[in-house]
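To be precise, the following lines are work-v5.csv, and they hold CSV, C-alpha atoms.
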chain,number,residue,atom,x,y,z
A,277,MET,CA,-259.5,25.8,111.7
A,278,THR,CA,-257.5,22.7,110.9
A,279,ASP,CA,-254.1,21.8,112.2
A,280,HIS,CA,-252.7,22.4,108.8
A,281,ASP,CA,-252.9,26.2,109.3
A,282,ASP,CA,-250.4,26.4,112.1
A,283,HIS,CA,-247.3,25.0,110.4
A,284,ASP,CA,-245.7,24.6,107.1
A,285,HIS,CA,-245.0,21.0,105.9
A,286,SER,CA,-242.1,22.1,103.7
A,287,ARG,CA,-240.3,23.1,106.8
A,288,THR,CA,-240.5,19.7,108.3
A,289,PHE,CA,-238.9,18.0,105.3
A,290,GLN,CA,-235.1,17.8,105.6
A,291,PRO,CA,-234.9,21.6,106.2
A,292,ASP,CA,-231.2,21.7,105.5
A,293,HIS,CA,-231.7,20.7,101.9
A,294,PRO,CA,-231.6,23.3,99.2
A,295,GLU,CA,-234.9,24.3,97.6
A,296,PRO,CA,-235.9,21.8,94.9
A,297,THR,CA,-235.9,23.1,91.4
A,298,SER,CA,-236.2,20.1,89.0
A,299,ASP,CA,-239.7,19.1,87.8
A,300,ALA,CA,-239.3,15.6,89.3
A,301,ALA,CA,-238.4,17.0,92.7
A,302,LEU,CA,-241.4,19.4,92.6
A,303,VAL,CA,-243.8,16.7,91.6
A,304,GLY,CA,-242.4,14.6,94.5
A,305,LEU,CA,-243.0,17.4,97.0
A,306,ALA,CA,-246.5,18.1,95.7
A,307,LEU,CA,-247.4,14.4,96.0
A,308,ARG,CA,-246.0,14.4,99.6
A,309,GLU,CA,-248.1,17.4,100.4
A,310,LEU,CA,-251.2,15.7,99.1
A,311,LEU,CA,-250.5,12.5,101.0
A,312,ILE,CA,-250.1,14.5,104.2
A,313,GLU,CA,-253.1,16.7,103.6
A,314,GLY,CA,-255.1,13.5,102.9
A,315,GLY,CA,-254.2,12.0,106.2
A,316,HIS,CA,-252.2,9.1,104.8
A,317,TYR,CA,-249.3,9.9,107.1
A,318,THR,CA,-248.1,12.8,109.1
A,319,ALA,CA,-245.0,14.9,108.7
A,320,ASP,CA,-243.9,13.7,112.1
A,321,GLU,CA,-244.1,10.1,111.0
A,322,GLU,CA,-242.1,10.9,107.9
A,323,GLN,CA,-239.4,12.6,110.0
A,324,ALA,CA,-239.2,9.5,112.2
A,325,VAL,CA,-238.6,7.3,109.2
A,326,ILE,CA,-235.9,9.6,107.8
A,327,ALA,CA,-234.2,9.7,111.2
A,328,SER,CA,-234.3,5.9,111.5
A,329,MET,CA,-232.8,5.5,108.0
A,330,GLN,CA,-230.1,8.0,108.8
A,331,GLY,CA,-229.2,5.9,111.9
A,332,ALA,CA,-228.8,2.8,109.8
A,333,SER,CA,-225.3,1.7,108.7
A,334,PRO,CA,-223.3,-1.3,107.6
A,335,GLU,CA,-222.4,-1.9,111.2
A,336,ASN,CA,-225.8,-3.4,111.6
A,337,GLY,CA,-225.0,-5.9,109.0
A,338,GLY,CA,-221.7,-6.6,110.7
A,339,LYS,CA,-223.5,-7.5,113.9
A,340,ILE,CA,-225.8,-9.9,112.0
A,341,VAL,CA,-222.9,-11.5,110.2
A,342,ALA,CA,-220.8,-11.9,113.4
A,343,ARG,CA,-223.8,-13.6,115.1
A,344,ALA,CA,-224.2,-16.0,112.2
A,345,TRP,CA,-220.5,-16.8,112.3
A,346,THR,CA,-220.5,-17.6,116.0
A,347,ASP,CA,-223.9,-19.3,116.3
A,348,PRO,CA,-224.6,-22.0,113.6
A,349,GLU,CA,-228.2,-22.3,114.6
A,350,TYR,CA,-228.7,-18.5,114.2
A,351,LYS,CA,-227.1,-18.8,110.8
A,352,GLN,CA,-229.6,-21.4,109.7
A,353,ARG,CA,-232.5,-19.2,110.9
A,354,LEU,CA,-230.9,-16.2,109.1
A,355,LEU,CA,-230.6,-18.0,105.8
A,356,HIS,CA,-234.1,-19.5,106.1
A,357,ASN,CA,-236.0,-16.4,107.2
A,358,GLY,CA,-233.9,-13.3,107.3
A,359,ALA,CA,-236.7,-10.9,108.2
A,360,ASP,CA,-237.7,-12.8,111.4
A,361,SER,CA,-234.2,-13.6,112.5
A,362,ILE,CA,-232.9,-10.1,112.4
A,363,LYS,CA,-235.6,-9.1,114.9
A,364,GLU,CA,-233.8,-11.3,117.4
A,365,LEU,CA,-231.0,-8.7,117.2
A,366,GLY,CA,-233.3,-5.7,117.4
A,367,PHE,CA,-233.4,-5.0,113.7
A,368,GLU,CA,-236.4,-4.8,111.3
A,369,LEU,CA,-236.9,-4.4,107.6
A,370,GLU,CA,-240.6,-4.7,107.1
A,371,PRO,CA,-242.4,-4.9,104.8
A,372,TYR,CA,-239.5,-6.4,102.8
A,373,GLU,CA,-238.4,-10.0,102.8
A,374,PHE,CA,-234.8,-9.9,104.0
A,375,THR,CA,-232.8,-12.4,102.1
A,376,VAL,CA,-229.3,-13.4,103.1
A,377,MET,CA,-227.0,-15.2,100.6
A,378,GLU,CA,-224.1,-17.2,101.9
A,379,ASN,CA,-220.7,-17.1,100.3
A,380,THR,CA,-218.9,-20.4,100.4
A,381,GLU,CA,-215.6,-21.8,99.1
A,382,HIS,CA,-217.3,-22.4,95.7
A,383,VAL,CA,-220.0,-19.7,95.6
A,384,HIS,CA,-219.7,-15.9,95.4
A,385,ASN,CA,-222.9,-13.8,95.6
A,386,VAL,CA,-223.3,-10.2,94.4
A,387,ILE,CA,-226.3,-7.9,94.7
A,388,VAL,CA,-227.8,-5.5,92.2
A,389,CYS,CA,-231.0,-3.8,91.4
A,390,THR,CA,-231.1,-3.4,87.6
A,391,LEU,CA,-234.5,-1.6,87.6
A,392,CYS,CA,-233.7,1.1,90.1
A,393,SER,CA,-231.5,0.9,93.2
A,394,CYS,CA,-233.3,-1.2,95.8
A,395,TYR,CA,-231.2,-1.7,98.8
A,396,PRO,CA,-231.9,-2.7,102.5
A,397,ARG,CA,-231.5,1.0,103.4
A,398,ALA,CA,-233.4,0.9,106.7
A,399,LEU,CA,-230.9,-1.7,107.9
A,400,LEU,CA,-227.6,-0.9,106.2
A,401,GLY,CA,-228.0,2.9,105.5
A,402,MET,CA,-227.5,4.6,102.2
A,403,SER,CA,-226.1,2.6,99.3
A,404,PRO,CA,-222.9,3.7,97.7
A,405,ALA,CA,-223.1,6.0,94.7
A,406,TRP,CA,-221.7,3.3,92.3
A,407,TYR,CA,-224.5,0.9,93.3
A,408,LYS,CA,-227.0,3.4,91.8
A,409,SER,CA,-225.0,4.0,88.7
A,410,GLY,CA,-226.2,2.8,85.3
A,411,SER,CA,-222.9,1.3,84.6
A,412,TYR,CA,-222.8,-1.0,87.6
A,413,ARG,CA,-226.5,-1.9,87.3
A,414,SER,CA,-226.3,-2.9,83.6
A,415,ARG,CA,-222.8,-4.5,83.6
A,416,VAL,CA,-222.8,-6.6,86.8
A,417,VAL,CA,-225.6,-8.8,85.4
A,418,ARG,CA,-224.0,-9.2,82.1
A,419,GLU,CA,-220.3,-9.5,82.9
A,420,PRO,CA,-220.2,-10.0,86.7
A,421,ARG,CA,-216.6,-11.5,86.7
A,422,SER,CA,-215.2,-8.4,84.9
A,423,VAL,CA,-217.0,-6.0,87.2
A,424,LEU,CA,-215.9,-7.9,90.3
A,425,ALA,CA,-212.3,-7.9,89.0
A,426,GLU,CA,-212.5,-4.1,88.8
A,427,PHE,CA,-213.4,-4.1,92.5
A,428,GLY,CA,-210.4,-6.4,93.2
A,429,VAL,CA,-212.3,-9.6,93.4
A,430,GLU,CA,-210.6,-12.1,91.1
A,431,LEU,CA,-212.7,-15.3,90.9
A,432,SER,CA,-211.2,-18.6,89.7
A,433,ASP,CA,-213.4,-20.9,87.6
A,434,ASP,CA,-214.1,-23.2,90.5
A,435,ILE,CA,-216.1,-20.5,92.1
A,436,ASP,CA,-219.7,-20.0,90.8
A,437,VAL,CA,-221.0,-16.4,90.6
A,438,ARG,CA,-224.6,-15.8,91.7
A,439,VAL,CA,-225.9,-12.4,90.7
A,440,HIS,CA,-229.1,-11.5,92.6
A,441,ASP,CA,-231.3,-8.9,90.9
A,442,SER,CA,-233.4,-7.2,93.5
A,443,THR,CA,-236.4,-6.5,91.3
A,444,ALA,CA,-239.4,-6.6,93.7
A,445,GLU,CA,-240.1,-6.9,97.4
A,446,LEU,CA,-237.0,-8.7,98.6
A,447,ARG,CA,-233.9,-7.0,100.0
A,448,TYR,CA,-230.5,-8.7,100.0
A,449,MET,CA,-227.4,-9.0,102.0
A,450,VAL,CA,-224.4,-11.3,101.4
A,451,LEU,CA,-223.0,-13.4,104.3
A,452,PRO,CA,-219.3,-13.2,103.7
A,453,GLN,CA,-216.9,-16.1,104.7
A,454,ARG,CA,-215.3,-15.9,108.1
A,455,PRO,CA,-211.6,-15.3,107.6
A,456,ASP,CA,-209.1,-18.0,108.8
A,457,GLY,CA,-207.3,-17.2,112.0
A,458,THR,CA,-210.3,-15.7,113.8
A,459,ASP,CA,-211.4,-18.8,115.7
A,460,ASP,CA,-210.9,-17.2,119.1
A,461,TRP,CA,-212.2,-13.7,118.2
A,462,SER,CA,-215.1,-12.1,120.1
A,463,GLU,CA,-218.3,-11.4,118.3
A,464,GLU,CA,-217.6,-7.7,118.7
A,465,ASP,CA,-214.2,-8.0,117.0
A,466,LEU,CA,-215.6,-10.1,114.2
A,467,ALA,CA,-218.4,-7.6,113.6
A,468,ALA,CA,-215.8,-4.8,113.2
A,469,LEU,CA,-214.2,-6.8,110.3
A,470,ILE,CA,-217.3,-6.5,108.1
A,471,THR,CA,-217.4,-3.9,105.4
A,472,ARG,CA,-220.2,-2.4,103.4
A,473,ASP,CA,-218.9,-3.8,100.1
A,474,SER,CA,-218.6,-7.3,101.5
A,475,LEU,CA,-222.3,-7.2,102.3
A,476,ILE,CA,-223.1,-6.3,98.7
A,477,GLY,CA,-220.6,-8.8,97.3
A,478,THR,CA,-218.1,-6.4,95.6
A,479,GLN,CA,-215.5,-7.5,98.2
A,480,ARG,CA,-214.9,-11.2,99.0
A,481,ASP,CA,-212.0,-11.6,101.4
A,482,LEU,CA,-212.2,-9.9,104.8
A,483,ILE,CA,-208.7,-9.2,106.2
A,484,PRO,CA,-208.1,-9.7,110.0
A,485,ARG,CA,-206.1,-6.8,111.2
B,228,MET,CA,-252.7,-16.8,101.3
B,229,ASN,CA,-253.2,-18.5,98.0
B,230,GLU,CA,-251.5,-21.8,97.4
B,231,PRO,CA,-248.4,-21.4,95.2
B,232,LEU,CA,-248.8,-22.4,91.6
B,233,PHE,CA,-245.2,-23.4,91.2
B,234,SER,CA,-242.8,-25.3,93.4
B,235,VAL,CA,-239.0,-25.3,94.1
B,236,GLY,CA,-237.1,-26.8,91.3
B,237,GLN,CA,-239.8,-26.4,88.7
B,238,ARG,CA,-238.9,-25.1,85.3
B,239,VAL,CA,-240.7,-21.9,84.5
B,240,ARG,CA,-240.8,-19.4,81.6
B,241,ILE,CA,-241.0,-15.7,82.3
B,242,ALA,CA,-243.6,-14.0,80.1
B,243,ASP,CA,-242.3,-11.8,77.2
B,244,ARG,CA,-244.7,-8.8,77.3
B,245,THR,CA,-244.5,-5.1,78.0
B,246,PRO,CA,-247.6,-3.8,79.7
B,247,PRO,CA,-247.9,0.0,79.4
B,248,VAL,CA,-247.6,0.4,83.2
B,249,HIS,CA,-244.8,0.2,85.8
B,250,HIS,CA,-243.8,-3.4,86.1
B,251,ARG,CA,-240.9,-5.1,87.8
B,252,VAL,CA,-239.5,-7.4,85.1
B,253,PRO,CA,-236.4,-6.2,83.3
B,254,SER,CA,-236.3,-6.7,79.6
B,255,TYR,CA,-233.3,-9.0,79.7
B,256,ALA,CA,-235.4,-11.6,81.7
B,257,LYS,CA,-238.5,-11.6,79.5
B,258,GLY,CA,-239.0,-14.8,77.7
B,259,GLN,CA,-236.3,-16.6,79.7
B,260,ILE,CA,-236.5,-20.0,81.2
B,261,GLY,CA,-235.2,-20.9,84.7
B,262,ILE,CA,-236.0,-22.9,87.7
B,263,VAL,CA,-237.8,-21.8,90.9
B,264,GLU,CA,-235.1,-21.3,93.5
B,265,ARG,CA,-237.5,-20.4,96.3
B,266,VAL,CA,-241.1,-19.6,96.9
B,267,CYS,CA,-241.5,-16.3,98.6
B,268,GLY,CA,-244.5,-14.5,100.1
B,269,MET,CA,-247.4,-12.4,98.8
B,270,HIS,CA,-246.7,-8.8,98.0
B,271,ALA,CA,-248.5,-5.8,96.5
B,272,GLU,CA,-248.0,-6.0,92.8
B,273,PRO,CA,-247.3,-2.7,91.0
B,274,GLU,CA,-249.3,-3.2,87.8
B,275,LYS,CA,-252.5,-3.7,89.8
B,276,CYS,CA,-251.7,-1.0,92.4
B,277,ILE,CA,-251.3,1.6,89.7
B,278,ARG,CA,-254.7,0.8,88.2
B,279,GLY,CA,-256.4,0.8,91.6
B,280,ASP,CA,-257.6,-2.8,91.0
B,281,GLY,CA,-258.6,-4.8,94.1
B,282,LYS,CA,-256.5,-7.7,95.5
B,283,PRO,CA,-253.1,-6.4,94.4
B,284,PHE,CA,-251.3,-9.2,96.3
B,285,GLN,CA,-249.4,-11.8,94.3
B,286,ARG,CA,-246.9,-14.5,95.1
B,287,ILE,CA,-243.3,-13.8,94.4
B,288,TYR,CA,-240.8,-16.5,93.3
B,289,ARG,CA,-237.1,-16.4,93.0
B,290,VAL,CA,-236.1,-17.8,89.6
B,291,ARG,CA,-232.6,-19.0,88.8
B,292,ILE,CA,-231.4,-18.7,85.2
B,293,PRO,CA,-228.0,-19.9,83.9
B,294,GLN,CA,-225.9,-16.9,82.8
B,295,SER,CA,-224.8,-18.8,79.7
B,296,THR,CA,-228.4,-18.8,78.4
B,297,LEU,CA,-229.0,-15.2,79.2
B,298,TRP,CA,-226.1,-13.6,77.4
B,299,GLU,CA,-224.4,-14.5,74.2
B,300,PRO,CA,-221.5,-14.6,74.4
B,301,TYR,CA,-221.0,-14.9,78.2
B,302,LYS,CA,-217.6,-14.7,79.8
B,303,GLY,CA,-217.8,-17.0,82.7
B,304,THR,CA,-218.6,-20.6,83.7
B,305,ASP,CA,-221.6,-22.8,83.3
B,306,GLY,CA,-222.0,-22.7,87.0
B,307,ASP,CA,-222.7,-18.9,87.0
B,308,LYS,CA,-226.3,-18.1,87.7
B,309,LEU,CA,-228.6,-15.1,87.8
B,310,GLU,CA,-231.4,-15.1,90.4
B,311,ILE,CA,-234.4,-12.7,90.1
B,312,GLU,CA,-237.7,-12.0,91.8
B,313,ILE,CA,-240.8,-12.6,89.6
B,314,PHE,CA,-244.5,-12.2,90.4
B,315,GLU,CA,-246.6,-15.3,89.8
B,316,HIS,CA,-248.7,-13.9,86.9
B,317,TRP,CA,-245.5,-13.5,84.9
B,318,LEU,CA,-244.7,-17.2,85.1
B,319,GLU,CA,-245.8,-20.3,83.3
B,320,ALA,CA,-244.7,-23.9,83.5
B,321,ALA,CA,-242.0,-24.7,81.0
B,322,GLU,CA,-240.9,-28.1,79.5
Now, as a test, write the supplied structure out as structure tokens.
Amino acid sequence: MTDHDDHDHSRTFQPDHPEPTSDAALVGLALRELLIEGGHYTADEEQAVIASMQGASPENGGKIVARAWTDPEYKQRLLHNGADSIKELGFELEPYEFTVMENTEHVHNVIVCTLCSCYPRALLGMSPAWYKSGSYRSRVVREPRSVLAEFGVELSDDIDVRVHDSTAELRYMVLPQRPDGTDDWSEEDLAALITRDSLIGTQRDLIPR
Amino acid sequence: MNEPLFSVGQRVRIADRTPPVHHRVPSYAKGQIGIVERVCGMHAEPEKCIRGDGKPFQRIYRVRIPQSTLWEPYKGTDGDKLEIEIFEHWLEAAE
């Protein structure tokens, strides 16, 4: 008797979800069954990954940004090697290369994945629905200034736009500019300023409350 | 780790081809010329993975392409750039 007889894998996979009906979902479930049966990973390991992704949120990005704002040496490490430097704060995004792009007075960065919807999910949580939309993915590469304006980001001609297409094994986060008037703020208060959209680049200015 | 074939600042051309397997080069970037913005690490490369070939690891580069050469017409400035990750076997040195 194998240990496969005493439980049902389908019951360990997000049991609150409705039963899948589409062909693609059924193929996905069948593939998952085969991978588990073949011993490539266990249902428990899968649950642990899902739980860890559900615990991720833009607040993690806020902590990273606030540290970079308050510690210039940390900022250099973050920009040079994001994957290693976030481990200093207890985060991890293996096996991806975590790549942080710094906004400056004359540069604005925005992130997209034109081929699918790659996003540093294990760090920042689920991406917004519009990030996965065909409209955002196709338009932000071709007409970034128009798309950004629709998000309320009006860029003058002395600011260069850099669109980062996340096509392979890198994952991106924008390092927004620190707002004026926050010189004496604590790292914790600074972290609370950071929004999800500012980490993607569809928001530029962070407003101190 | 293999030594990188290309270095930061070098002009490179992205191949214009369409293999009949999953690959990570969007059609708008095929045939385009840019400069190497950064040399990244070695990663499992999907075209080889899907065929079960050995040694699927390939170097990734970030390539910077001026938006004004990608799109015609482009509404923006000459300073606007697109940066994209490309596996090494999709690149060749350009003049």
Write out as JSON, numbers by chain every residue belonging to chain B that has an atom at most 8 Å from any atom of chain A, counting all atoms listed in the file. {"B": [251, 252, 253, 270, 294, 298, 301, 302, 303, 304, 306, 307, 308, 309, 310, 311, 312, 313]}
Write out as a PyMOL selection string the residues lying within 9 Å of stretch 254-258 of chain B, counting only C-alpha atoms and excluding same-chain residues fewer than 6 positions away. chain B and resi 240-245+292+297-298+311
Atom pair atom CA of A:Tyr407 / atom CA of A:Pro334: separation (Å): 14.5 Å
Which residues are close to A:Ala344, i.e. within 10 Å by all atoms listed in the file, leaving aside same-chain residues fewer than 2 positions away? Reply as a list in words. Gly338, Lys339, Ile340, Val341, Ala342, Thr346, Asp347, Pro348, Glu349, Tyr350, Lys351, Gln352, Arg353, Leu354, Leu355, Leu451, Arg454 and Glu463 of chain A
What does the structure give for the distance between atom CA of A:Trp345 and atom CA of A:Val416, in Å to one decimal?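 Taking atom CA of A:Trp345 as the start and atom CA of A:Val416 as the end point, the length is 27.6 Å.
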